[in-house]
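Participant: Sharing a structure, written as structure tokens. Questions coming.
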Number of protein chains: 2
Amino acid sequence: MSALTFELKHKDKNSKARLGKITLPHGEIETPVFMPVGTAATVKALKPEDVEELGAEIILSNTYHLYLRPGHEVIREAGGLHNFMNWNKPILTDSGGFQVFSLGDMRKITEEGVEFRSFIDGSKHILTPEKSIEVQTSLGSDIMMAFDECIPYPADREYVKRSLERTTRWLERCVKAQKDTEKQALFGIMQGGMYPDLRRESARQILEFDLPGYAIGGLSVGEPREVMCEILDECVDELPENKPRYLMGIGSPDYIFEAVERGIDMFDCVLPTRIARNGTAMTSKGRVNIKNAKYEKDFTPLDHDCDCYTCRNYSRAYLRHLFKSNEILSSTLLSTHNLHFLVNTVKKIRESIKENRFLEYKKEFYDNYGY
Amino acid sequence: MSALTFELKHKDKNSKARLGKITLPHGEIETPVFMPVGTAATVKALKPEDVEELGAEIILSNTYHLYLRPGHEVIREAGGLHNFMNWNKPILTDSGGFQVFSLGDMRKITEEGVEFRSFIDGSKHILTPEKSIEVQTSLGSDIMMAFDECIPYPADREYVKRSLERTTRWLERCVKAQKDTEKQALFGIMQGGMYPDLRRESARQILEFDLPGYAIGGLSVGEPREVMCEILDECVDELPENKPRYLMGIGSPDYIFEAVERGIDMFDCVLPTRIARNGTAMTSKGRVNIKNAKYEKDFTPLDHDCDCYTCRNYSRAYLRHLFKSNEILSSTLLSTHNLHFLVNTVKKIRESIKENRFLEYKKEFYDNYGY
């Protein structure tokens with residue numbers, strides 16, 4: 001039996017939004033779903049219990065970081081990532097591709113894979129499809145991602161075409177390298193840049209491997225929102241309806257709404273926790289910069305419409321004080337709120353799809369948030 | 001009725017160690033007690049629930065820091081410090097004296113009080129006995145401390161004598177400035193440096209105010225442990241038996257044992273949380289430096305004898321990884337453990353006093369810890 005089963009439960013009557021359920025070795029996930037990011041085997045500033053309490057059903061962790069530190073051998077010997085970090089629900093790991101390609105001059109791409117230098121000690125490494133699968137197997141994630149090339153924006157057509165073909169060849173090597181499809185599900189990744197016909201070509205190629213799920217890579221890499229929407233309009237339907245669809249690296253609420261409307265099921269992003277550490281909260285009325293002097297004596301919660309741990313117990317005045325005092329608790333409380341906000345917004349999206357009122361909920365959200 | 005009542009429950013048969021109970025507006029405390037420090041209205045890296053779960057019954061917060069940021073007016077308007085920081089058990093606030101005296105060239109002492117510059121913006125301030133009581137009244141702590149001069153070590157006899165007399169005059173002004181003795185208990189502070197006769201003189205002077213509790217200040221300021229023990233031998237008995245005795249700024253386990261043996265009831269220190277943030281754990285077998293390479297694949301808990309949240313759920317290998325990755329969770333998990341270790345050690349001290357085996361427990365602890 002495959003490590004992943006997907007049940008398509010309902011399709012919105014007025015858009016391509018869909019409701020589903022993914023079953024994995026470590027539990028079930030309702031989709032659409034937002035996955036908090038726990039790069040280095042921890043969702044920054046939070047205990048696993050905090051992450052669970054705010055409603056997260058699955059987290060993402062980064063192969064590149066864990067390969068370099070503490071090393072996948074350490075995590076394998078610990079009994080896998082779930083055990084190592086004390087998180088018992090599903091985990092998705094990326095392939096490490098995105099991070100090594102982001103290194104710019106620090107890496108070299110060949111047909112074999114990507115050579116790069118460690119950001120920790122400058123040591124030389126090579127990440128290949130086989131190596132990525134080996135590392136992800138050691139981590140023991142529920143879902144692992146194929147090793148692909150994520151193309152920057154803009155990129156010329158010829159490069160994009162050659163790259164997507166290599167991504168397909170790498171996918172074939174990933175599929176061959178995977179030993180146990182019952183323990184971990186492997187997702188393929190559609191590339192093709194901002195060229196709809198190349199996107200379709202990429203889809204055609206990767207679908208031949210009949211994988212349990214597919215991702216769309218190479219979007220939200222700097223292009224305008226409209227361009228992303230156009231590409232999604234053109235290419236989501238290329239992916240099979242009966243398998244989960246994952247749009248990688250998306251965390252801004254408007255991007256999530258636009259993608260759900262076009263039939264996407266899964267999202268992840270560091271945005272909510274990163275801006276939290278910088279003192280910014282996402283609320284139902286838009287962003288709040290907690291550093292602002294006007295919150296000095298504001299004894300109301302961050303968000304009146306929120307029932308997260310932070311909003312139940314602390315005032316804006318206290319949160320401002322913590323941030324200005326460089327207190328660690330500031331990151332914990334704002335990260336808790338921001339992740340709760342996104343996870344809970346996606347939960348409300350699911351409810352709206354069930355009742356065929358997704359587009360109304362989207363409009364209501366945009367009006368309140370100030371988009 | 002006074003804000004504080006103290007019940008002396010039992011005296012160890014083989015030492016001066018004593019068991020007691022302090023009742024305060026926000027709850028009861030068993031003594032001896034260790035108070036975690038929450039300098040800026042937060043015990044660093046921990047949520048109040050974490051602090052409660054690890055067994056703390058009272059915390060200490062710093063008047064100097066809160067006066068400068070966010071300002072005591074903000075906290076007063078928030079309904080007091082308990083409300084502001086979401087901690088519903090007792091709080092003790094210091095007077096701000098220790099911090100301003102530590103500023104060295106940045107402050108000037110007069111009979112009126114201490115002039116100093118803010119570490120935040122360089123602005124000029126004056127802290128006086130009246131001001132300290134005003135600030136602590138705004139904070140609404142259960143126990144507030146008199147504004148005293150904490151003398152460095154070593155200090156010459158003449159200076160110490162003049163200083164302790166000024167401390168007494170300042171205590172008189174503190175007592176006059178306090179408006180409501182039913183809401184907050186004011187403790188006087190014995191000074192006198194390392195001169196037993198001056199300690200006795202200081203005690204004689206401050207006891208005249210018949211306060212609900214007394215502290216010993218100006219110890220653990222750099223003198224050898226033996227000197228501290230000698231001073232305690234000479235001066236603890238000067239304090240009334242039926243009132244709590246608080247030795248300020250002590251957090252090293254051996255200092256706590258030595259002081260309990262000599263009849264001290266209350267302790268506080270930043271040590272356990274500060275060394276936690278630097279990657280050092282206190283365990284039943286002594287200190288553990290989690291950075292050490294030998295813990296890379298050590299999948300055992302920090303301390304086999306510990307049932308804290310950290311030891312129940314995480315390995316040394318994971319804690320080492322978090323620390324080396326500069327992850328915030330590292331501070332949270334090590335602070336939780338260290339505070340649990342100290343609070344729980346003091347709890348075991350209480351049990352040993354109850355059974356008249358304090359000295360045996362002390363020996364057992366020292367043997368294991370490696371003193």
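Naming works like this for the structure tokens: A, B, ... for the chains as they're shown, residue 1 at the start of each chain, ligands 1 onward in shown order.
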For a quick test of understanding: name the residues of chain A lying within 6 Å of chain B when counting only C-alpha atoms, and present them as a list of chain:residue names.
Facilitator: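 So the residues of chain A near chain B are A:Ala45, A:Pro70, A:His321, A:Ile328, A:Leu329.
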Participant: How would you write, as JSON, numbers by chain, the set of residues in range 196-256 of chain B that DSSP gives as strand (DSSP E or B)?
Facilitator: {"B": [213, 214, 215, 216, 245, 246, 247]}
Participant: Quick one: write out the picked residues with C-alpha atoms as a PDB file, in the first residue's frame?
Facilitator:
ATOM      1  CA  GLY B 213      10.437  40.037  56.346  1.00  0.00           C
ATOM      2  CA  TYR B 214      14.149  40.735  56.130  1.00  0.00           C
ATOM      3  CA  ALA B 215      16.800  40.204  53.500  1.00  0.00           C
ATOM      4  CA  ILE B 216      20.548  39.905  53.651  1.00  0.00           C
ATOM      5  CA  ARG B 245      14.868  35.525  55.674  1.00  0.00           C
ATOM      6  CA  TYR B 246      15.910  36.192  52.119  1.00  0.00           C
ATOM      7  CA  LEU B 247      19.507  35.952  50.858  1.00  0.00           C
TER       8      LEU B 247
END
Participant: Compile the contact shell of Leu139 in chain A as an NGL selection string: residues with an atom at most 8 Å away, counting only C-alpha atoms, same-chain residues fewer than 6 positions apart removed.
Facilitator: :A and (72 or 75-76 or 80-81)
Participant: I'd like the neighbourhood of range 189-196 of chain A as a list in words, where a residue qualifies if any of its atoms comes within 7 Å (using only C-alpha atoms), though same-chain residues fewer than 4 positions away should be ignored.
Facilitator: Ala146, Asp148, Ile151, Val160, Lys161, Leu164, Arg200, Ser202, Ala203, Tyr214, Ala215, Ile216, Gly217, Gly218, Ile231, Glu234 and Cys235 of chain A
Participant: Extract the full set of alpha helix (DSSP H) residues from range 238-323 of chain A according to DSSP on the backbone, and format it as a ChimeraX atom specification.
Facilitator: /A:253-261,271-277,309-313,316-323
Participant: Deliver the residues from the most recent selection as a file, using C-alpha atoms, as a compact mmCIF listing (two decimals), in the first residue's frame.
Facilitator:
# COMPACT_ATOMS: atom_id res chain seq x y z
CA PRO A 253 -2.76 35.08 2.58
CA ASP A 254 -3.73 36.55 -0.81
CA TYR A 255 -1.46 34.12 -2.68
CA ILE A 256 -3.06 31.25 -0.76
CA PHE A 257 -6.60 32.41 -1.65
CA GLU A 258 -5.69 32.83 -5.33
CA ALA A 259 -4.08 29.40 -5.45
CA VAL A 260 -6.92 27.63 -3.64
CA GLU A 261 -9.33 29.22 -6.10
CA LEU A 271 6.77 34.11 6.12
CA PRO A 272 4.55 33.93 9.24
CA THR A 273 7.39 32.98 11.59
CA ARG A 274 9.99 35.21 9.93
CA ILE A 275 7.90 38.38 10.14
CA ALA A 276 6.90 37.40 13.68
CA ARG A 277 10.54 37.53 14.74
CA TYR A 309 -2.85 31.48 23.02
CA THR A 310 -1.25 34.89 22.47
CA CYS A 311 -4.51 36.78 21.92
CA ARG A 312 -6.20 35.05 24.86
CA ASN A 313 -3.48 36.05 27.34
CA ARG A 316 -0.40 44.67 22.37
CA ALA A 317 1.33 46.78 25.05
CA TYR A 318 2.98 43.68 26.51
CA LEU A 319 3.95 42.32 23.09
CA ARG A 320 5.46 45.69 22.16
CA HIS A 321 7.41 45.74 25.42
CA LEU A 322 8.78 42.23 24.82
CA PHE A 323 9.83 43.06 21.26
